[in-house]
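Peer 1: start36.pdb (PDB, C-alpha atoms) pasted underneath:
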ATOM      1  CA  MET A   1      44.273  26.462  77.358
ATOM      2  CA  LYS A   2      45.801  28.119  74.324
ATOM      3  CA  ASN A   3      46.842  24.741  72.953
ATOM      4  CA  PHE A   4      43.338  23.359  73.472
ATOM      5  CA  THR A   5      41.732  26.299  71.649
ATOM      6  CA  PHE A   6      44.229  25.962  68.838
ATOM      7  CA  ILE A   7      43.434  22.243  68.431
ATOM      8  CA  VAL A   8      39.662  22.935  68.437
ATOM      9  CA  TRP A   9      40.023  25.573  65.726
ATOM     10  CA  LEU A  10      42.282  23.244  63.755
ATOM     11  CA  CYS A  11      39.659  20.495  63.900
ATOM     12  CA  ILE A  12      36.933  22.910  62.750
ATOM     13  CA  ALA A  13      39.100  24.127  59.881
ATOM     14  CA  VAL A  14      39.940  20.610  58.729
ATOM     15  CA  THR A  15      36.282  19.522  58.933
ATOM     16  CA  ALA A  16      35.133  22.582  57.005
ATOM     17  CA  SER A  17      37.660  21.950  54.258
ATOM     18  CA  CYS A  18      36.374  18.379  53.890
ATOM     19  CA  ILE A  19      32.744  19.380  53.339
ATOM     20  CA  LYS A  20      31.700  18.790  49.747
ATOM     21  CA  ILE A  21      29.046  20.910  48.133
ATOM     22  CA  SER A  22      27.228  18.197  46.288
ATOM     23  CA  ALA A  23      24.069  19.819  44.985
ATOM     24  CA  ALA A  24      23.934  19.844  41.189
ATOM     25  CA  THR A  25      22.935  22.976  39.289
ATOM     26  CA  GLU A  26      20.932  23.034  36.083
ATOM     27  CA  GLU A  27      22.821  24.903  33.367
ATOM     28  CA  TRP A  28      20.774  24.496  30.187
ATOM     29  CA  SER A  29      18.522  22.091  28.348
ATOM     30  CA  VAL A  30      17.678  21.074  24.767
ATOM     31  CA  ASP A  31      14.593  19.534  23.217
ATOM     32  CA  GLY A  32      14.736  15.738  23.284
ATOM     33  CA  GLN A  33      11.490  15.541  21.297
ATOM     34  CA  GLN A  34       9.431  12.422  22.001
ATOM     35  CA  MET A  35      12.336  10.114  22.865
ATOM     36  CA  ILE A  36      16.099  10.362  23.361
ATOM     37  CA  TYR A  37      17.893   7.243  22.161
ATOM     38  CA  GLN A  38      21.590   7.964  22.641
ATOM     39  CA  VAL A  39      23.687  10.615  24.367
ATOM     40  CA  ALA A  40      27.438  11.073  24.018
ATOM     41  CA  ALA A  41      29.111  13.717  26.171
ATOM     42  CA  ASP A  42      31.996  15.466  24.387
ATOM     43  CA  GLY A  43      34.080  15.667  27.572
ATOM     44  CA  LYS A  44      34.017  19.471  27.624
ATOM     45  CA  GLY A  45      30.437  20.176  28.659
ATOM     46  CA  GLY A  46      28.693  19.655  25.335
ATOM     47  CA  CYS A  47      27.121  16.537  23.861
ATOM     48  CA  VAL A  48      25.497  14.810  20.931
ATOM     49  CA  LEU A  49      22.081  13.201  21.129
ATOM     50  CA  ILE A  50      19.923  11.127  18.838
ATOM     51  CA  ARG A  51      16.195  11.732  19.260
ATOM     52  CA  SER A  52      12.926  11.085  17.494
ATOM     53  CA  GLU A  53       9.695  12.965  16.946
ATOM     54  CA  THR A  54       6.201  11.533  17.255
ATOM     55  CA  ASN A  55       6.159  10.873  13.504
ATOM     56  CA  SER A  56       9.264   8.645  13.907
ATOM     57  CA  VAL A  57      11.567  11.132  12.202
ATOM     58  CA  PHE A  58      14.958  10.760  13.885
ATOM     59  CA  SER A  59      17.519  13.526  14.153
ATOM     60  CA  ILE A  60      21.005  13.978  15.520
ATOM     61  CA  LEU A  61      21.829  17.151  17.462
ATOM     62  CA  TRP A  62      25.303  18.302  18.531
ATOM     63  CA  VAL A  63      25.426  21.141  21.082
ATOM     64  CA  ASP A  64      28.400  22.912  22.638
ATOM     65  CA  LYS A  65      29.065  23.481  26.327
ATOM     66  CA  LYS A  66      26.562  26.342  26.396
ATOM     67  CA  GLY A  67      23.831  24.296  24.787
ATOM     68  CA  ALA A  68      24.162  26.118  21.459
ATOM     69  CA  GLU A  69      23.586  24.052  18.332
ATOM     70  CA  ILE A  70      26.655  23.093  16.309
ATOM     71  CA  TYR A  71      24.989  20.619  13.972
ATOM     72  CA  GLU A  72      21.611  19.030  13.351
ATOM     73  CA  ALA A  73      20.524  16.542  10.703
ATOM     74  CA  VAL A  74      17.706  14.121   9.974
ATOM     75  CA  VAL A  75      19.011  10.567  10.276
ATOM     76  CA  SER A  76      17.817   6.992  10.080
ATOM     77  CA  ASN A  77      19.088   4.105  12.183
ATOM     78  CA  ALA A  78      22.051   6.255  13.225
ATOM     79  CA  SER A  79      24.532   5.770  16.028
ATOM     80  CA  ILE A  80      27.306   7.943  17.418
ATOM     81  CA  ILE A  81      30.800   6.553  16.829
ATOM     82  CA  SER A  82      32.965   9.360  18.168
ATOM     83  CA  CYS A  83      32.395  12.709  19.822
ATOM     84  CA  SER A  84      34.726  15.386  21.163
ATOM     85  CA  ASN A  85      34.350  19.161  21.248
ATOM     86  CA  LYS A  86      36.181  19.249  17.908
ATOM     87  CA  GLN A  87      34.460  16.588  15.865
ATOM     88  CA  LEU A  88      31.527  14.212  15.641
ATOM     89  CA  VAL A  89      31.509  10.923  13.739
ATOM     90  CA  TYR A  90      28.294   8.947  13.281
ATOM     91  CA  SER A  91      26.850   6.186  11.144
ATOM     92  CA  ASP A  92      23.646   6.791   9.223
ATOM     93  CA  ASN A  93      21.325   4.837   6.949
ATOM     94  CA  LEU A  94      19.141   7.659   5.662
ATOM     95  CA  ASN A  95      20.329   7.298   2.070
ATOM     96  CA  ASP A  96      23.002   4.624   1.969
ATOM     97  CA  SER A  97      24.911   3.129   4.881
ATOM     98  CA  GLU A  98      27.472   5.823   5.459
ATOM     99  CA  ILE A  99      29.760   7.403   8.016
ATOM    100  CA  VAL A 100      29.575  11.175   8.482
ATOM    101  CA  GLN A 101      32.350  13.249  10.010
ATOM    102  CA  VAL A 102      31.353  16.705  11.279
ATOM    103  CA  ASP A 103      33.812  19.435  12.243
ATOM    104  CA  SER A 104      33.301  22.005  14.987
ATOM    105  CA  LYS A 105      31.849  24.480  12.461
ATOM    106  CA  GLY A 106      29.167  21.997  11.417
ATOM    107  CA  GLY A 107      30.856  21.139   8.107
ATOM    108  CA  THR A 108      30.365  17.525   7.009
ATOM    109  CA  THR A 109      32.581  15.013   5.224
ATOM    110  CA  LYS A 110      31.273  11.604   4.207
ATOM    111  CA  ILE A 111      33.687   8.724   4.671
ATOM    112  CA  SER A 112      33.059   6.336   1.837
ATOM    113  CA  LYS A 113      34.616   3.914  -0.630
ATOM    114  CA  PRO A 114      33.353   2.949  -4.092
ATOM    115  CA  ASP A 115      30.957  -0.052  -4.044
ATOM    116  CA  GLU A 116      31.147  -0.299  -0.264
ATOM    117  CA  GLU A 117      28.723   0.466   2.524
ATOM    118  CA  ALA A 118      30.139   1.846   5.751
ATOM    119  CA  TYR A 119      28.996   0.853   9.239
ATOM    120  CA  GLY A 120      29.850   1.157  12.871
ATOM    121  CA  SER A 121      29.751  -2.132  14.770
ATOM    122  CA  TYR A 122      26.601  -4.278  14.984
ATOM    123  CA  LEU A 123      26.327  -4.013  18.762
ATOM    124  CA  GLY A 124      27.213  -0.324  18.633
ATOM    125  CA  ASN A 125      24.207   0.161  16.407
ATOM    126  CA  MET A 126      21.769  -2.209  18.107
ATOM    127  CA  MET A 127      22.696  -1.262  21.656
ATOM    128  CA  PRO A 128      24.488   2.078  21.393
ATOM    129  CA  SER A 129      26.649   3.016  24.336
ATOM    130  CA  THR A 130      25.800   6.236  26.114
ATOM    131  CA  VAL A 131      28.105   8.628  27.975
ATOM    132  CA  MET A 132      26.156  10.950  30.281
ATOM    133  CA  SER A 133      28.896  12.728  32.210
ATOM    134  CA  ASP A 134      32.198  14.569  32.075
ATOM    135  CA  LYS A 135      34.554  16.031  34.651
ATOM    136  CA  LYS A 136      32.404  19.037  35.465
ATOM    137  CA  GLY A 137      28.880  17.739  35.152
ATOM    138  CA  PHE A 138      26.366  15.354  33.702
ATOM    139  CA  PHE A 139      23.249  15.059  31.577
ATOM    140  CA  ALA A 140      19.834  13.820  32.621
ATOM    141  CA  VAL A 141      16.636  13.251  30.709
ATOM    142  CA  LYS A 142      13.631  15.180  31.975
ATOM    143  CA  MET A 143      10.323  13.638  30.980
ATOM    144  CA  ASP A 144       7.140  15.690  30.873
ATOM    145  CA  VAL A 145       4.506  13.014  31.387
ATOM    146  CA  LEU A 146       1.584  15.293  30.534
ATOM    147  CA  ILE A 147       2.721  16.033  26.997
ATOM    148  CA  SER A 148       5.036  13.030  26.558
ATOM    149  CA  ARG A 149       8.059  15.128  25.640
ATOM    150  CA  GLN A 150      11.657  14.823  26.793
ATOM    151  CA  GLN A 151      14.400  17.324  27.450
ATOM    152  CA  LEU A 152      18.087  16.670  27.839
ATOM    153  CA  VAL A 153      19.239  18.726  30.807
ATOM    154  CA  ARG A 154      22.829  19.711  31.554
ATOM    155  CA  PHE A 155      23.803  19.870  35.225
ATOM    156  CA  SER A 156      27.070  21.057  36.712
ATOM    157  CA  ASN A 157      28.297  18.886  39.564
ATOM    158  CA  LYS A 158      28.055  21.741  42.046
TER     159      LYS A 158
ATOM    160  CA  MET B   1      65.781  41.105  -1.335
ATOM    161  CA  LYS B   2      66.146  39.608   2.114
ATOM    162  CA  THR B   3      62.959  41.345   3.280
ATOM    163  CA  THR B   4      61.006  40.055   0.274
ATOM    164  CA  PHE B   5      62.306  36.555   0.925
ATOM    165  CA  THR B   6      61.347  36.768   4.619
ATOM    166  CA  PHE B   7      57.829  37.959   3.724
ATOM    167  CA  LEU B   8      57.491  35.160   1.186
ATOM    168  CA  ILE B   9      58.454  32.512   3.732
ATOM    169  CA  LEU B  10      56.164  34.114   6.337
ATOM    170  CA  PHE B  11      53.300  34.167   3.814
ATOM    171  CA  LEU B  12      53.801  30.497   2.926
ATOM    172  CA  LEU B  13      54.090  29.502   6.578
ATOM    173  CA  THR B  14      50.896  31.360   7.516
ATOM    174  CA  GLY B  15      49.055  29.751   4.625
ATOM    175  CA  PHE B  16      50.306  26.310   5.609
ATOM    176  CA  LEU B  17      49.265  26.734   9.236
ATOM    177  CA  SER B  18      45.790  27.950   8.319
ATOM    178  CA  ILE B  19      45.012  24.852   6.255
ATOM    179  CA  ASN B  20      42.265  22.988   8.026
ATOM    180  CA  VAL B  21      42.654  19.281   7.282
ATOM    181  CA  GLU B  22      39.189  17.988   8.083
ATOM    182  CA  SER B  23      38.820  14.637   6.437
ATOM    183  CA  ALA B  24      39.742  11.421   8.183
ATOM    184  CA  THR B  25      42.671   9.339   6.958
ATOM    185  CA  GLU B  26      42.730   5.554   6.745
ATOM    186  CA  GLU B  27      45.636   4.081   8.707
ATOM    187  CA  TRP B  28      45.200   0.324   8.494
ATOM    188  CA  SER B  29      42.533  -2.297   7.897
ATOM    189  CA  TYR B  30      41.758  -5.953   8.635
ATOM    190  CA  ASP B  31      39.880  -8.347   6.355
ATOM    191  CA  CYS B  32      36.932  -9.962   8.164
ATOM    192  CA  GLY B  33      35.720 -12.021   5.199
ATOM    193  CA  SER B  34      31.957 -12.290   4.665
ATOM    194  CA  ASN B  35      31.136 -11.437   8.253
ATOM    195  CA  MET B  36      29.990  -8.477  10.284
ATOM    196  CA  VAL B  37      31.766  -6.629  13.064
ATOM    197  CA  TYR B  38      29.849  -7.219  16.292
ATOM    198  CA  GLN B  39      31.831  -5.413  18.940
ATOM    199  CA  VAL B  40      34.660  -2.877  19.064
ATOM    200  CA  TYR B  41      36.590  -1.804  22.150
ATOM    201  CA  THR B  42      39.404   0.687  21.605
ATOM    202  CA  ASP B  43      42.502   0.585  23.810
ATOM    203  CA  GLY B  44      42.821   4.385  23.922
ATOM    204  CA  LYS B  45      46.208   4.317  22.192
ATOM    205  CA  GLY B  46      45.221   3.597  18.590
ATOM    206  CA  GLY B  47      44.640  -0.139  18.882
ATOM    207  CA  ALA B  48      41.472  -2.072  19.580
ATOM    208  CA  ALA B  49      39.938  -5.430  20.295
ATOM    209  CA  MET B  50      37.166  -6.516  17.971
ATOM    210  CA  ILE B  51      34.760  -9.446  17.587
ATOM    211  CA  TYR B  52      33.455 -10.429  14.178
ATOM    212  CA  GLY B  53      31.441 -13.298  12.773
ATOM    213  CA  PHE B  54      28.331 -14.314  10.908
ATOM    214  CA  ALA B  55      26.021 -15.264  13.778
ATOM    215  CA  GLN B  56      25.985 -14.944  17.557
ATOM    216  CA  THR B  57      28.052 -18.104  17.947
ATOM    217  CA  ASN B  58      31.392 -19.179  16.493
ATOM    218  CA  LEU B  59      32.820 -15.705  16.333
ATOM    219  CA  THR B  60      36.408 -14.502  16.278
ATOM    220  CA  LEU B  61      38.055 -12.082  18.682
ATOM    221  CA  VAL B  62      41.130 -10.168  17.505
ATOM    222  CA  TRP B  63      43.202  -7.712  19.548
ATOM    223  CA  PHE B  64      45.230  -5.245  17.467
ATOM    224  CA  ASP B  65      47.985  -2.876  18.465
ATOM    225  CA  LYS B  66      48.073   0.703  17.151
ATOM    226  CA  LYS B  67      49.769  -0.404  13.930
ATOM    227  CA  GLY B  68      47.138  -3.014  13.184
ATOM    228  CA  ASP B  69      49.352  -5.958  14.090
ATOM    229  CA  THR B  70      47.578  -8.825  15.850
ATOM    230  CA  ILE B  71      48.452  -9.257  19.535
ATOM    231  CA  TYR B  72      45.953 -12.037  20.209
ATOM    232  CA  GLN B  73      43.287 -13.989  18.377
ATOM    233  CA  ALA B  74      40.738 -16.491  19.724
ATOM    234  CA  GLY B  75      37.408 -18.087  18.926
ATOM    235  CA  ILE B  76      34.330 -16.858  20.770
ATOM    236  CA  SER B  77      31.642 -19.466  21.372
ATOM    237  CA  ASN B  78      28.887 -17.080  22.361
ATOM    238  CA  ILE B  79      28.663 -13.308  22.161
ATOM    239  CA  MET B  80      25.803 -13.455  24.721
ATOM    240  CA  ALA B  81      28.489 -13.893  27.412
ATOM    241  CA  THR B  82      29.204 -10.150  26.940
ATOM    242  CA  GLY B  83      32.395 -10.423  24.855
ATOM    243  CA  ILE B  84      35.003  -7.730  25.482
ATOM    244  CA  THR B  85      34.692  -5.911  28.790
ATOM    245  CA  GLY B  86      38.055  -4.195  29.031
ATOM    246  CA  CYS B  87      40.892  -3.223  26.721
ATOM    247  CA  THR B  88      44.013  -1.117  27.120
ATOM    248  CA  SER B  89      47.298  -1.285  25.238
ATOM    249  CA  LYS B  90      48.494  -3.653  27.980
ATOM    250  CA  ASP B  91      45.515  -5.814  28.928
ATOM    251  CA  LEU B  92      42.462  -7.387  27.364
ATOM    252  CA  ILE B  93      39.534  -8.766  29.373
ATOM    253  CA  TYR B  94      36.734 -10.753  27.805
ATOM    254  CA  SER B  95      34.136 -13.319  28.720
ATOM    255  CA  ASP B  96      32.874 -16.362  26.872
ATOM    256  CA  SER B  97      30.751 -19.403  27.528
ATOM    257  CA  ASP B  98      29.881 -22.677  25.908
ATOM    258  CA  PRO B  99      27.820 -25.676  27.077
ATOM    259  CA  ASP B 100      30.899 -27.854  27.634
ATOM    260  CA  SER B 101      33.241 -25.654  29.614
ATOM    261  CA  GLY B 102      30.839 -23.069  31.074
ATOM    262  CA  THR B 103      31.386 -19.326  31.460
ATOM    263  CA  HIS B 104      34.864 -17.935  31.965
ATOM    264  CA  VAL B 105      36.551 -14.562  32.233
ATOM    265  CA  PHE B 106      39.805 -14.351  30.285
ATOM    266  CA  HIS B 107      42.778 -12.053  30.772
ATOM    267  CA  VAL B 108      45.349 -11.498  28.032
ATOM    268  CA  ASN B 109      48.576  -9.546  28.475
ATOM    269  CA  SER B 110      50.370  -7.465  25.837
ATOM    270  CA  LYS B 111      52.465 -10.496  24.854
ATOM    271  CA  GLY B 112      49.289 -12.317  23.869
ATOM    272  CA  GLU B 113      49.481 -14.687  26.827
ATOM    273  CA  MET B 114      45.969 -15.709  27.914
ATOM    274  CA  LYS B 115      44.942 -16.775  31.383
ATOM    275  CA  ILE B 116      41.510 -17.945  32.535
ATOM    276  CA  ILE B 117      40.596 -16.217  35.761
ATOM    277  CA  PRO B 118      40.380 -19.170  38.174
ATOM    278  CA  ALA B 119      37.064 -19.939  39.833
ATOM    279  CA  ASP B 120      36.425 -21.717  43.128
ATOM    280  CA  PRO B 121      34.817 -25.171  43.040
ATOM    281  CA  ASP B 122      31.113 -25.076  42.111
ATOM    282  CA  THR B 123      31.343 -21.446  41.022
ATOM    283  CA  PHE B 124      32.067 -19.624  37.824
ATOM    284  CA  ASN B 125      33.257 -16.128  37.082
ATOM    285  CA  THR B 126      31.295 -13.752  34.917
ATOM    286  CA  THR B 127      31.505 -10.112  33.980
ATOM    287  CA  MET B 128      29.376  -7.359  35.408
ATOM    288  CA  ALA B 129      27.883  -6.303  32.136
ATOM    289  CA  MET B 130      24.937  -8.388  31.001
ATOM    290  CA  MET B 131      22.493  -7.863  28.164
ATOM    291  CA  PRO B 132      21.832  -5.275  26.952
ATOM    292  CA  SER B 133      24.843  -3.502  28.463
ATOM    293  CA  TYR B 134      27.487  -4.424  25.950
ATOM    294  CA  CYS B 135      30.656  -2.399  26.155
ATOM    295  CA  ASN B 136      31.206  -0.807  22.785
ATOM    296  CA  LYS B 137      33.790   1.903  22.270
ATOM    297  CA  SER B 138      34.802   2.868  18.756
ATOM    298  CA  ASP B 139      37.024   5.901  19.224
ATOM    299  CA  ASP B 140      40.008   7.365  21.015
ATOM    300  CA  LYS B 141      41.596  10.810  21.062
ATOM    301  CA  LYS B 142      43.298  10.425  17.703
ATOM    302  CA  GLY B 143      40.877   8.393  15.642
ATOM    303  CA  PHE B 144      38.103   5.845  15.307
ATOM    304  CA  PHE B 145      37.127   2.466  13.848
ATOM    305  CA  ILE B 146      34.433   1.680  11.304
ATOM    306  CA  SER B 147      33.706  -1.205   8.953
ATOM    307  CA  PHE B 148      33.066  -1.363   5.219
ATOM    308  CA  THR B 149      31.085  -4.032   3.421
ATOM    309  CA  ASN B 150      31.582  -4.454  -0.304
ATOM    310  CA  THR B 151      28.170  -4.449  -1.979
ATOM    311  CA  ASN B 152      29.308  -6.918  -4.650
ATOM    312  CA  THR B 153      31.324  -9.460  -2.645
ATOM    313  CA  LEU B 154      29.818  -8.800   0.837
ATOM    314  CA  ASN B 155      33.388  -8.841   2.120
ATOM    315  CA  THR B 156      33.825  -6.749   5.264
ATOM    316  CA  SER B 157      36.902  -4.846   6.337
ATOM    317  CA  PHE B 158      37.567  -3.342   9.760
ATOM    318  CA  VAL B 159      39.263   0.018   9.278
ATOM    319  CA  ARG B 160      41.226   2.352  11.539
ATOM    320  CA  TYR B 161      40.915   6.064  10.717
ATOM    321  CA  ARG B 162      42.967   8.930  12.073
ATOM    322  CA  ASN B 163      40.803  12.022  12.733
ATOM    323  CA  LYS B 164      42.817  14.129  10.264
TER     324      LYS B 164
END
Would you mind giving the structure from this file in structure tokens?
Peer 2:
Amino acid sequence: MKNFTFIVWLCIAVTASCIKISAATEEWSVDGQQMIYQVAADGKGGCVLIRSETNSVFSILWVDKKGAEIYEAVVSNASIISCSNKQLVYSDNLNDSEIVQVDSKGGTTKISKPDEEAYGSYLGNMMPSTVMSDKKGFFAVKMDVLISRQQLVRFSNK
Amino acid sequence: MKTTFTFLILFLLTGFLSINVESATEEWSYDCGSNMVYQVYTDGKGGAAMIYGFAQTNLTLVWFDKKGDTIYQAGISNIMATGITGCTSKDLIYSDSDPDSGTHVFHVNSKGEMKIIPADPDTFNTTMAMMPSYCNKSDDKKGFFISFTNTNTLNTSFVRYRNK
């Protein structure tokens, strides 16, 4: 009888330890304006997004893992080349075709050469790749259909 | 005297450590001629595979190691067959198609040896990604790839940058 009880409790314990709490939890959100075009998770809970307003003014926004703004700039035909929690690199055509490197304090350095225009790749610009998740969570776009506005929402996995 | 010397060294060391090198550094580059870079897929170790050309057909695929040396080079008949779909420092996977030979998936090892993934009779292999889901990855932990086009000659170079 003791052995049987022990085995039953063992089974319950093993089953309980296998249960996964899968419900995601909303952590924060940022304004996606009228449309979000590209999202790149930084791998540490933050991300960069490219968005546009109703007047077709595009901007790039880099937020940290708490949703706080690190960097924002008006851009044109931009695409994200690289993003970590320490730096952002993106291509932009607002003035000339240029590559902008941004540090974690929001300081910018333009990567340029005399008489040369700088680009990412053609497909990277035309069909930019998007990374919507990291180890601890993911991003989703919330659309408000009544006012036609978007939000980028950060969820933790649990 | 010894104390002064120690403080001096400590001062210099502290100053050196606090320097924040922010700008990217060019490591190597590849001349693409008067073409544009279509697709980049980094291997995660400093190398990358890249497709360049002038139009969507008759392109060139080049796989570079982290020093910019060519591991493998091949013609690409049609970028619409999704191009590069996988790249590490050890393997390259890409897809291509042309009217004569059909669509194939290719595997290349780190020695540059290419093998067409065999297909059963009356079938052909293709990659999962189809338009507009091109794989495009331009960075790794230590750096990234961009291209420059000379405004006078229209010559394009594919450039590897280290983050610092």
Peer 1: Hey, what's within 12 Å of Ile117 of chain B if we count only C-alpha atoms and toss same-chain stuff fewer than 6 positions away? As a ChimeraX atom specification, please?
Peer 2: /B:93-96,103-108,123-127
Peer 1: For chain A, list the residues within 12 Å of chain B, counting only C-alpha atoms, and write the list as number ranges by chain.
Peer 2: A: 40, 42-43, 79-91, 96-131
Peer 1: I'd like the neighbourhood of Val145 of chain A as JSON, numbers by chain, where a residue qualifies if any of its atoms comes within 12 Å (using only C-alpha atoms), though same-chain residues fewer than 4 positions away should be ignored.
Peer 2: {"A": [34, 35, 149, 150, 151]}
Peer 1: Mind dumping the selected residues with C-alpha atoms as a PDB file, in the coordinates of the input?
Peer 2:
ATOM      1  CA  GLN A  34       9.431  12.422  22.001  1.00  0.00           C
ATOM      2  CA  MET A  35      12.336  10.114  22.865  1.00  0.00           C
ATOM      3  CA  ARG A 149       8.059  15.128  25.640  1.00  0.00           C
ATOM      4  CA  GLN A 150      11.657  14.823  26.793  1.00  0.00           C
ATOM      5  CA  GLN A 151      14.400  17.324  27.450  1.00  0.00           C
TER       6      GLN A 151
END
Peer 1: So how far away is atom CA of Cys47 of chain A from atom CA of Ser29 of chain A, in Å?
Peer 2: 11.2 Å
Peer 1: For segment 54-59 of chain B, I'd like the enclosing box, axis-aligned and padded by 4 Å on every side, reported as JSON with centre and edge lengths in Å to one decimal.
Peer 2:
{"center_x": 29.4, "center_y": -16.7, "center_z": 14.4, "size_x": 14.8, "size_y": 12.9, "size_z": 15.0}
Peer 1: Could you write out as number ranges by chain the residues that the PyMOL selection byres ((chain A and resi 61) around 8) matches in the shown file?
Peer 2: A: 48-50, 59-60, 62-63, 69-73
Peer 1: Evaluate the PyMOL selection byres ((chain B and resi 75-90) around 6) against this structure - the residues, as a ChimeraX atom specification, please.
Peer 2: /B:43,56-60,74,91-98,109-110,135
Peer 1: From the set B:Cys32, B:Gly102, B:Ile71, B:Gly46, which residue has the shortest atom-to-atom contact distance to Met114 of chain B, counting all atoms listed in the file?
Peer 2: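 Among the listed residues, the smallest separation from Met114 of chain B belongs to B:Ile71.
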Peer 1: How many Å lie between atom CA of Phe64 of chain B and atom CA of Gly33 of chain B, rounded to one decimal?
Peer 2: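 Separating atom CA of Phe64 of chain B from atom CA of Gly33 of chain B is a distance of 16.9 Å.
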Peer 1: Would you pick out the contacts of Val57 of chain A at 9 Å or less, using all atoms listed in the file, so that residues sharing its chain but fewer than 5 positions from it are not included, and give the list as a PDB file with C-alpha atoms, in the frame of the given file?
Peer 2:
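And here is the file that came out, result.pdb:
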ATOM      1  CA  ARG A  51      16.195  11.732  19.260  1.00  0.00           C
ATOM      2  CA  SER A  52      12.926  11.085  17.494  1.00  0.00           C
ATOM      3  CA  VAL A  74      17.706  14.121   9.974  1.00  0.00           C
ATOM      4  CA  VAL A  75      19.011  10.567  10.276  1.00  0.00           C
ATOM      5  CA  SER A  76      17.817   6.992  10.080  1.00  0.00           C
TER       6      SER A  76
END
Peer 1: Quick one: distance from atom CA of Asp64 of chain A to atom CA of Ile147 of chain A in Å, one decimal?
Peer 2: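 Computed distance, atom CA of Asp64 of chain A to atom CA of Ile147 of chain A, equals 26.9 Å.
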